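Below: start_23.cif (mmCIF, C-alpha atoms (C1' of nucleotides))
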```cif
data_coords
#
loop_
_atom_site.label_atom_id
_atom_site.label_comp_id
_atom_site.auth_asym_id
_atom_site.auth_seq_id
_atom_site.Cartn_x
_atom_site.Cartn_y
_atom_site.Cartn_z
CA MET A 20 4.14 -5.32 76.25
CA ILE A 21 1.92 -2.40 77.12
CA SER A 22 2.25 0.65 74.92
CA GLN A 23 4.18 3.78 75.71
CA LYS A 24 0.89 5.63 75.48
CA SER A 25 -0.63 3.58 78.29
CA LYS A 26 2.39 4.14 80.47
CA TYR A 27 2.08 7.88 79.90
CA ALA A 28 -1.64 7.77 80.65
CA LEU A 29 -1.11 5.95 83.93
CA ARG A 30 1.68 8.25 84.98
CA ALA A 31 -0.35 11.33 84.13
CA LEU A 32 -3.30 10.05 86.14
CA LEU A 33 -1.01 9.22 89.03
CA ALA A 34 0.42 12.73 88.89
CA LEU A 35 -3.07 14.25 88.97
CA ALA A 36 -4.12 12.00 91.82
CA ALA A 37 -1.02 12.87 93.82
CA HIS A 38 -1.48 16.56 93.12
CA GLY A 39 -4.56 16.61 95.28
CA ASP A 40 -8.30 16.66 95.33
CA GLY A 41 -9.77 18.67 92.49
CA ARG A 42 -6.70 20.81 91.98
CA THR A 43 -5.81 21.37 88.33
CA MET A 44 -2.46 20.84 86.67
CA LEU A 45 -1.32 22.33 83.39
CA ILE A 46 -0.58 19.92 80.56
CA SER A 47 2.90 21.33 80.39
CA GLU A 48 3.33 20.89 84.12
CA ILE A 49 2.49 17.20 83.88
CA ALA A 50 4.60 16.84 80.75
CA LEU A 51 7.62 18.35 82.45
CA GLN A 52 7.27 16.45 85.69
CA GLU A 53 6.63 13.05 84.13
CA VAL A 54 8.84 13.51 81.07
CA ILE A 55 6.13 13.03 78.48
CA PRO A 56 6.16 14.74 75.05
CA ARG A 57 3.78 17.65 75.45
CA LYS A 58 1.66 17.26 72.33
CA PHE A 59 1.39 13.53 72.75
CA LEU A 60 0.20 14.04 76.29
CA GLU A 61 -2.44 16.46 75.00
CA GLN A 62 -3.91 13.64 72.91
CA ILE A 63 -3.81 11.21 75.78
CA LEU A 64 -5.56 13.59 78.15
CA LEU A 65 -8.25 14.18 75.55
CA ASP A 66 -8.86 10.43 75.44
CA LEU A 67 -9.05 10.30 79.22
CA LYS A 68 -11.43 13.22 79.20
CA ARG A 69 -13.75 11.65 76.64
CA ALA A 70 -13.83 8.61 78.92
CA GLY A 71 -14.82 10.75 81.88
CA LEU A 72 -11.71 10.12 83.96
CA VAL A 73 -10.52 13.70 83.97
CA ALA A 74 -11.97 17.13 83.27
CA SER A 75 -10.37 20.27 81.90
CA ARG A 76 -10.71 24.00 82.33
CA ARG A 77 -9.88 26.25 79.40
CA GLY A 78 -8.36 29.67 79.22
CA LYS A 79 -5.63 31.15 81.29
CA ALA A 80 -5.03 29.27 84.53
CA GLY A 81 -6.85 26.30 83.06
CA GLY A 82 -5.59 22.76 83.23
CA TYR A 83 -6.65 19.22 83.99
CA LEU A 84 -7.99 17.57 87.09
CA LEU A 85 -8.96 14.06 88.11
CA LEU A 86 -12.73 13.66 88.04
CA ARG A 87 -13.00 10.38 89.89
CA ARG A 88 -11.62 9.30 93.22
CA PRO A 89 -8.26 7.51 92.91
CA GLU A 90 -9.67 4.42 94.65
CA THR A 91 -12.16 3.97 91.82
CA VAL A 92 -9.77 4.08 88.88
CA THR A 93 -8.24 0.69 88.10
CA PHE A 94 -5.20 -0.02 85.97
CA GLY A 95 -7.32 -2.36 83.90
CA GLU A 96 -9.74 0.36 82.99
CA VAL A 97 -7.01 2.69 81.81
CA LEU A 98 -5.20 0.01 79.83
CA ARG A 99 -8.39 -1.08 78.08
CA LEU A 100 -9.14 2.51 77.25
CA ILE A 101 -5.78 3.19 75.63
CA ASP A 102 -4.53 -0.18 74.40
CA GLY A 103 -7.76 -2.06 73.90
CA PRO A 104 -8.54 -5.55 75.25
CA LEU A 105 -6.29 -7.09 77.88
CA ALA A 106 -7.09 -10.64 76.78
CA PRO A 107 -4.35 -12.60 75.01
CA LEU A 108 -6.86 -13.99 72.50
CA PRO A 109 -9.77 -12.13 70.88
CA CYS A 110 -12.11 -14.97 71.86
CA LEU A 111 -11.29 -14.32 75.53
CA SER A 112 -12.00 -10.61 75.62
CA LYS A 113 -14.99 -9.50 77.65
CA MET A 114 -14.95 -5.98 76.21
CA ALA A 115 -14.37 -6.88 72.57
CA TYR A 116 -15.12 -10.54 71.98
CA ARG A 117 -14.39 -11.87 68.52
CA ARG A 118 -14.34 -15.47 67.37
CA CYS A 119 -10.85 -16.73 66.67
CA GLY A 120 -11.85 -17.82 63.19
CA ASP A 121 -9.42 -20.71 62.96
CA CYS A 122 -10.66 -22.84 65.83
CA ALA A 123 -13.92 -24.57 65.05
CA ASN A 124 -15.48 -25.43 68.41
CA GLU A 125 -14.43 -22.76 70.81
CA ASN A 126 -14.89 -24.43 74.16
CA ALA A 127 -12.94 -27.46 73.04
CA CYS A 128 -10.02 -25.29 71.92
CA LYS A 129 -6.90 -26.38 73.80
CA LEU A 130 -5.12 -23.06 73.46
CA ARG A 131 -8.10 -21.16 74.71
CA LYS A 132 -8.17 -23.14 77.94
CA VAL A 133 -4.59 -22.20 78.74
CA PHE A 134 -4.89 -18.56 77.83
CA ALA A 135 -8.14 -18.25 79.73
CA ARG A 136 -6.14 -18.87 82.88
CA VAL A 137 -3.67 -16.19 81.87
CA ALA A 138 -6.47 -13.76 81.16
CA ASP A 139 -8.10 -14.42 84.52
CA ALA A 140 -4.85 -13.92 86.37
CA THR A 141 -4.08 -10.63 84.63
CA ARG A 142 -7.57 -9.34 85.16
CA GLY A 143 -7.39 -10.42 88.77
CA ILE A 144 -4.50 -8.05 89.26
CA LEU A 145 -5.21 -5.15 86.93
CA ASP A 146 -8.91 -4.82 87.70
CA THR A 147 -8.32 -4.69 91.44
CA THR A 148 -5.33 -2.37 91.53
CA THR A 149 -6.25 1.30 91.63
CA LEU A 150 -4.41 4.58 91.43
CA ALA A 151 -4.87 4.92 95.17
CA ASP A 152 -3.24 1.55 95.85
CA VAL A 153 -0.13 2.69 94.07
CA LEU A 154 0.00 6.16 95.60
CA THR A 155 -0.22 4.98 99.17
CA GLY A 156 3.05 3.18 98.70
CA GLY A 157 2.70 -0.57 99.17
CA VAL A 158 0.97 -2.28 96.30
CA LYS A 159 -1.17 -4.91 97.92
CA SER A 160 -0.10 -8.45 97.31
CA LEU A 161 -2.96 -10.82 98.02
CA PRO A 162 -2.71 -14.45 97.03
CA VAL A 163 -5.02 -14.91 94.11
CA GLU A 164 -6.51 -18.12 92.77
CA ILE A 165 -5.72 -18.74 89.15
CA MET B 17 -2.77 -10.30 72.38
CA ILE B 18 -0.49 -13.07 71.21
CA SER B 19 0.32 -13.11 67.53
CA GLN B 20 -1.26 -15.30 64.92
CA LYS B 21 2.17 -16.73 64.30
CA SER B 22 2.47 -17.96 67.90
CA LYS B 23 -0.93 -19.55 67.73
CA TYR B 24 0.08 -21.38 64.56
CA ALA B 25 3.35 -22.46 66.15
CA LEU B 26 1.61 -23.88 69.21
CA ARG B 27 -0.98 -25.67 67.12
CA ALA B 28 1.66 -27.13 64.83
CA LEU B 29 3.65 -28.41 67.81
CA LEU B 30 0.53 -29.84 69.35
CA ALA B 31 -0.25 -31.61 66.08
CA LEU B 32 3.25 -33.10 65.95
CA ALA B 33 3.06 -34.16 69.59
CA ALA B 34 -0.31 -35.81 69.05
CA HIS B 35 0.89 -37.52 65.91
CA GLY B 36 3.17 -39.71 67.94
CA ASP B 37 6.72 -40.33 69.00
CA GLY B 38 9.24 -39.51 66.32
CA ARG B 39 6.79 -39.92 63.46
CA THR B 40 7.12 -37.25 60.80
CA MET B 41 4.35 -35.12 59.35
CA LEU B 42 4.43 -33.25 56.06
CA ILE B 43 4.22 -29.48 56.20
CA SER B 44 1.16 -29.65 53.99
CA GLU B 45 -0.38 -32.27 56.22
CA ILE B 46 -0.08 -30.00 59.25
CA ALA B 47 -1.20 -27.00 57.23
CA LEU B 48 -4.32 -28.77 56.05
CA GLN B 49 -5.23 -30.27 59.41
CA GLU B 50 -4.68 -27.09 61.45
CA VAL B 51 -5.80 -24.63 58.78
CA ILE B 52 -2.54 -22.71 58.56
CA PRO B 53 -1.32 -21.01 55.35
CA ARG B 54 1.24 -23.41 53.96
CA LYS B 55 4.08 -21.03 53.18
CA PHE B 56 3.68 -19.21 56.46
CA LEU B 57 3.84 -22.49 58.32
CA GLU B 58 7.07 -23.28 56.50
CA GLN B 59 8.65 -20.19 58.04
CA ILE B 60 7.36 -21.02 61.47
CA LEU B 61 8.65 -24.56 61.37
CA LEU B 62 12.06 -23.27 60.31
CA ASP B 63 12.09 -21.03 63.39
CA LEU B 64 11.15 -23.97 65.58
CA LYS B 65 13.82 -26.05 63.95
CA ARG B 66 16.53 -23.45 64.50
CA ALA B 67 15.48 -23.44 68.14
CA GLY B 68 15.88 -27.19 68.34
CA LEU B 69 12.24 -28.01 69.05
CA VAL B 70 11.67 -29.95 65.87
CA ALA B 71 13.75 -31.66 63.20
CA SER B 72 13.12 -32.16 59.53
CA ARG B 73 13.89 -34.70 56.86
CA ARG B 74 14.30 -33.53 53.29
CA GLY B 75 13.51 -35.12 50.02
CA LYS B 76 10.67 -37.35 49.08
CA ALA B 77 8.83 -38.76 52.12
CA GLY B 78 10.43 -36.11 54.30
CA GLY B 79 8.61 -34.01 56.86
CA TYR B 80 8.83 -32.68 60.38
CA LEU B 81 8.94 -34.34 63.75
CA LEU B 82 9.04 -33.20 67.35
CA LEU B 83 12.55 -33.49 68.75
CA ARG B 84 11.74 -33.03 72.42
CA ARG B 85 9.30 -34.79 74.66
CA PRO B 86 5.96 -32.96 74.91
CA GLU B 87 6.31 -32.71 78.71
CA THR B 88 9.41 -30.59 78.28
CA VAL B 89 8.05 -27.98 75.89
CA THR B 90 6.31 -25.12 77.70
CA PHE B 91 3.96 -22.55 76.23
CA GLY B 92 6.23 -19.83 77.60
CA GLU B 93 9.20 -21.12 75.66
CA VAL B 94 7.31 -21.16 72.38
CA LEU B 95 5.79 -17.73 72.89
CA ARG B 96 9.16 -16.19 73.74
CA LEU B 97 10.66 -17.79 70.68
CA ILE B 98 8.07 -16.40 68.30
CA ASP B 99 6.72 -13.24 69.90
CA GLY B 100 9.65 -12.22 72.08
CA PRO B 101 9.46 -11.32 75.78
CA LEU B 102 6.33 -12.14 77.76
CA ALA B 103 6.86 -9.25 80.18
CA PRO B 104 4.50 -6.27 79.95
CA LEU B 105 7.41 -3.83 80.43
CA PRO B 106 10.90 -4.11 78.95
CA CYS B 107 12.41 -3.55 82.41
CA LEU B 108 10.65 -6.70 83.64
CA SER B 109 11.84 -9.07 80.98
CA LYS B 110 14.24 -11.79 82.07
CA MET B 111 15.15 -12.76 78.52
CA ALA B 112 15.54 -9.27 77.07
CA TYR B 113 15.88 -6.75 79.84
CA ARG B 114 16.02 -3.09 78.81
CA ARG B 115 15.76 -0.05 81.02
CA CYS B 116 12.50 1.80 80.64
CA GLY B 117 14.31 5.02 79.91
CA ASP B 118 11.65 7.28 81.31
CA CYS B 119 11.64 6.10 84.92
CA ALA B 120 14.68 7.26 86.83
CA ASN B 121 15.03 4.86 89.77
CA GLU B 122 13.72 1.55 88.66
CA ASN B 123 12.91 -0.16 91.92
CA ALA B 124 10.94 2.83 93.13
CA CYS B 125 8.84 2.87 89.95
CA LYS B 126 5.19 2.51 90.89
CA LEU B 127 4.10 1.09 87.57
CA ARG B 128 6.85 -1.49 87.62
CA LYS B 129 5.64 -2.85 90.95
CA VAL B 130 2.18 -3.50 89.58
CA PHE B 131 3.28 -5.00 86.33
CA ALA B 132 5.84 -7.18 88.07
CA ARG B 133 2.92 -9.00 89.66
CA VAL B 134 1.29 -9.42 86.28
CA ALA B 135 4.52 -10.74 84.80
CA ASP B 136 4.96 -13.25 87.63
CA ALA B 137 1.41 -14.49 87.27
CA THR B 138 1.71 -14.99 83.51
CA ARG B 139 5.04 -16.71 83.81
CA GLY B 140 3.63 -18.87 86.56
CA ILE B 141 1.13 -20.25 84.12
CA LEU B 142 2.92 -20.25 80.79
CA ASP B 143 6.23 -21.63 82.03
CA THR B 144 4.59 -24.56 83.77
CA THR B 145 2.10 -25.55 81.11
CA THR B 146 3.48 -27.95 78.53
CA LEU B 147 2.30 -29.48 75.29
CA ALA B 148 1.70 -32.71 77.17
CA ASP B 149 -0.56 -31.00 79.73
CA VAL B 150 -2.79 -29.81 76.96
CA LEU B 151 -2.83 -33.05 75.00
CA THR B 152 -3.85 -35.20 77.93
CA GLY B 153 -7.07 -33.27 78.16
CA GLY B 154 -7.42 -31.46 81.47
CA VAL B 155 -5.22 -28.41 81.77
CA LYS B 156 -4.04 -28.44 85.34
CA SER B 157 -5.35 -25.66 87.50
CA LEU B 158 -3.16 -25.26 90.55
CA PRO B 159 -3.61 -22.29 92.82
CA VAL B 160 -0.63 -20.04 92.25
CA GLU B 161 0.73 -17.33 94.53
CA ILE B 162 0.92 -13.96 92.84
"C1'" DT C 25 17.10 -38.63 37.04
"C1'" DT C 26 12.94 -37.25 38.11
"C1'" DT C 27 10.04 -35.80 41.70
"C1'" DA C 28 8.34 -34.49 45.92
"C1'" DA C 29 9.80 -32.76 49.86
"C1'" DC C 30 12.13 -28.89 52.82
"C1'" DA C 31 15.20 -24.14 52.76
"C1'" DC C 32 15.58 -19.42 52.50
"C1'" DG C 33 15.61 -14.70 51.17
"C1'" DA C 34 12.99 -11.00 49.21
"C1'" DC C 35 8.99 -8.70 48.82
"C1'" DT C 36 4.33 -6.60 49.98
"C1'" DG C 37 0.19 -4.33 51.64
"C1'" DA C 38 -2.06 -3.15 55.67
"C1'" DA C 39 -1.95 -1.76 60.31
"C1'" DT C 40 -0.03 0.10 64.46
"C1'" DC C 41 3.20 3.03 67.23
"C1'" DA C 42 4.97 7.10 68.74
"C1'" DG C 43 4.87 11.04 68.04
"C1'" DT C 44 4.67 16.25 65.14
"C1'" DA C 45 2.52 20.01 62.96
"C1'" DT C 46 -0.90 23.18 62.22
"C1'" DG C 47 -4.65 25.69 62.99
"C1'" DC C 48 -8.71 26.26 65.71
"C1'" DT C 49 -11.82 27.69 70.03
"C1'" DT C 50 -12.39 29.47 74.57
"C1'" DG C 51 -11.85 31.94 78.77
"C1'" DT C 52 -9.18 35.23 81.74
"C1'" DT C 53 -7.04 39.42 82.58
"C1'" DA C 54 -4.60 43.80 81.54
"C1'" DT D 23 -11.93 44.67 74.33
"C1'" DA D 24 -7.92 42.85 72.77
"C1'" DA D 25 -4.27 39.85 73.58
"C1'" DC D 26 -2.61 35.89 75.41
"C1'" DA D 27 -2.58 31.44 77.36
"C1'" DA D 28 -4.74 27.47 77.81
"C1'" DG D 29 -7.13 23.30 75.80
"C1'" DC D 30 -9.45 21.03 71.17
"C1'" DA D 31 -9.06 18.63 67.03
"C1'" DT D 32 -7.46 16.85 62.74
"C1'" DA D 33 -3.99 15.54 59.65
"C1'" DC D 34 0.27 13.90 58.73
"C1'" DT D 35 4.70 11.10 59.10
"C1'" DG D 36 8.46 7.85 59.50
"C1'" DA D 37 9.53 3.61 61.47
"C1'" DT D 38 8.27 -0.82 62.63
"C1'" DT D 39 5.53 -4.96 62.93
"C1'" DC D 40 2.07 -8.37 61.17
"C1'" DA D 41 0.63 -11.72 58.29
"C1'" DG D 42 1.50 -13.46 54.73
"C1'" DT D 43 3.11 -14.49 49.39
"C1'" DC D 44 6.60 -15.43 45.65
"C1'" DG D 45 10.25 -17.49 43.57
"C1'" DT D 46 14.06 -20.03 43.51
"C1'" DG D 47 17.01 -22.93 45.50
"C1'" DT D 48 18.77 -27.75 47.60
"C1'" DT D 49 18.19 -32.61 49.08
"C1'" DA D 50 17.22 -37.31 49.08
"C1'" DA D 51 14.42 -41.27 47.96
"C1'" DA D 52 12.18 -43.99 44.29
#
```
Turn this file's structure into structure tokens for me.
Amino acid sequence: MISQKSKYALRALLALAAHGDGRTMLISEIALQEVIPRKFLEQILLDLKRAGLVASRRGKAGGYLLLRRPETVTFGEVLRLIDGPLAPLPCLSKMAYRRCGDCANENACKLRKVFARVADATRGILDTTTLADVLTGGVKSLPVEI
Amino acid sequence: MISQKSKYALRALLALAAHGDGRTMLISEIALQEVIPRKFLEQILLDLKRAGLVASRRGKAGGYLLLRRPETVTFGEVLRLIDGPLAPLPCLSKMAYRRCGDCANENACKLRKVFARVADATRGILDTTTLADVLTGGVKSLPVEI
DNA sequence: TTTAACACGACTGAATCAGTATGCTTGTTA
DNA sequence: TAACAAGCATACTGATTCAGTCGTGTTAAA
């Protein structure tokens, strides 16, 4: 299960992308439209800002805008940013590899072999699907080798 | 990330399957061999027993044995049993469907469309991979449509 | 009848989730 | 230039989950 926070982040980014090139939206505008608790959304947008996905303008008539083009922002990137690694096992994460601790010789580990396939499949989808793909209606549905 | 508990469950089942047809193993035997905290393993085996995957004999010279044939026990089944739904969104779970609450019309939800593909891919792997597949060495690697 | 096994509920300490609350800082505009 | 509206940032909280541990049963074979 992905976290509520990630869902909010994706929906906020989608809202900004749909709103149009470089135009700002108020936090409260996004919060209202996407039904996200205002203060929680504030935190999320700060995270996205620190990661360089969005920018903000302060003061009256400020707000947030998408910094990058929608075709360049993948679901995978956002999920990793908010929820951490996508991999089902720590020893399969590319962004935050950790040894499993309990399995001695890693590349003989039976479980690892199975979950590696799962990890590849998920990455295959999430790292190739962008905000733009979703906005333009039909999510592409290529056959992917697992 | 799958839970530690699921990993232990899978490893315990694999140990029982490898041990041979209908032969029992002591909890402490499994615990020692697979490096699983003994008391924790006790709990896990009880769960597996309640689900009908294993059986136990009490008293002196008791122990646990696998009730079903290794070819019939999938990774997906075990993970659902221990960790709950595999689906990345509650509204995509077949075993424990819940509405997302925040998205109004479910089959227009953009996020849902993307994560449905992820869910199908994961299920495609986990519900077709069995204990036997893993024991006999090579995990099969069929191309799967996503 | 002892002993070595499983059975089962209660408890715990740490971490994570999903937010709230409170008090800044900054920029625009009246 | 002062007030107001916006974002910035930290701290806190209540509920839940994780990963176990503890203690006390109950059962069956030797």
* Measuring atom to atom with all atoms listed in the file, identify which of C:DA28, C:DA34, C:DA39, C:DG47 is nearest to chain B. =>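 Using all atoms listed in the file, chain B sits closest to C:DA28.
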* Select all residues from chain A having any atom no more than 7 Å from an atom of chain D (counting all atoms listed in the file, ignoring ligands), output as a ChimeraX atom specification. => /A:77-81
Those residues you just picked out, can you put them in a file as a JSON list (two decimals), keeping the file's coordinate frame with C-alpha atoms?
```json
[["chain", "number", "residue", "atom", "x", "y", "z"],
["A", 77, "ARG", "CA", -9.88, 26.25, 79.40],
["A", 78, "GLY", "CA", -8.36, 29.67, 79.22],
["A", 79, "LYS", "CA", -5.63, 31.15, 81.29],
["A", 80, "ALA", "CA", -5.03, 29.27, 84.53],
["A", 81, "GLY", "CA", -6.85, 26.30, 83.06]]
```
Give one line per residue of chain A that approaches chain B to at most 9 Å, naming the two atoms of the closest pair and their distance in Å to one decimal, counting all atoms listed in the file; sort by chain then ascending residue number and deliver it as CSV.
```
residue,atom,partner,partner_atom,distance
A:Met20,CA,B:Pro104,CA,3.8
A:Ile21,CA,B:Pro104,CA,5.4
A:Ser22,CA,B:Leu105,CA,8.8
A:Lys26,CA,B:Leu127,CA,7.9
A:Leu29,CA,B:Leu127,CA,8.0
A:Arg30,CA,B:Leu127,CA,8.0
A:Glu53,CA,B:Asp118,CA,8.2
A:Val54,CA,B:Asp118,CA,6.8
A:Ile55,CA,B:Asp118,CA,8.5
A:Phe94,CA,B:Val130,CA,8.9
A:Pro104,CA,B:Met17,CA,8.0
A:Leu105,CA,B:Met17,CA,7.3
A:Ala106,CA,B:Met17,CA,6.2
A:Pro107,CA,B:Met17,CA,3.8
A:Leu108,CA,B:Met17,CA,5.5
A:Pro109,CA,B:Met17,CA,7.4
A:Asp121,CA,B:Val51,CA,6.8
A:Cys122,CA,B:Glu50,CA,8.5
A:Lys129,CA,B:Val150,CA,6.2
A:Leu130,CA,B:Lys23,CA,7.9
A:Lys132,CA,B:Val155,CA,7.2
A:Val133,CA,B:Val155,CA,6.9
A:Phe134,CA,B:Leu142,CA,8.5
A:Arg136,CA,B:Ile141,CA,7.5
A:Val137,CA,B:Thr138,CA,5.8
A:Ala138,CA,B:Thr138,CA,8.6
A:Ala140,CA,B:Ala137,CA,6.3
A:Thr141,CA,B:Val134,CA,5.7
A:Arg142,CA,B:Val134,CA,8.9
A:Ile144,CA,B:Val134,CA,6.7
A:Leu145,CA,B:Val134,CA,7.8
A:Thr148,CA,B:Val130,CA,7.8
A:Val153,CA,B:Lys126,CA,6.2
A:Leu154,CA,B:Lys126,CA,7.9
A:Gly156,CA,B:Lys126,CA,8.1
A:Val158,CA,B:Val130,CA,6.9
A:Ser160,CA,B:Ile162,CA,7.2
A:Leu161,CA,B:Ile162,CA,7.2
A:Pro162,CA,B:Glu161,CA,5.1
A:Val163,CA,B:Ile162,CA,6.1
A:Glu164,CA,B:Pro159,CA,5.1
A:Ile165,CA,B:Pro159,CA,5.5
```
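Straight-line separation from CA of Ala33 (chain B) to CA of Ala148 (chain B): 7.8 Å.
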* Kindly extract all protein, DNA and RNA residues lying within 10 Å of the coordinates (2.9, -31.1, 66.8) given in the file, considering only C-alpha atoms (C1' of nucleotides), and supply them as JSON, numbers by chain. => {"B": [25, 26, 27, 28, 29, 30, 31, 32, 33, 34, 35, 36, 40, 41, 46, 70, 80, 81, 82, 86, 147]}
* chain A contacts on chain C, all atoms listed in the file, 7 Å, as a PyMOL selection string -> chain C and resi 43+50-52
* Structure fact -> Between CA of Ala47 (chain B) and CA of Asp63 (chain B) lies a distance of 15.8 Å
* To do: Could you jot down the CA of Tyr116 (chain A) to CA of Ile101 (chain A) separation for me, Å, one decimal place?
  =>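 Answer for the CA of Tyr116 (chain A) to CA of Ile101 (chain A) separation: 17.0 Å.
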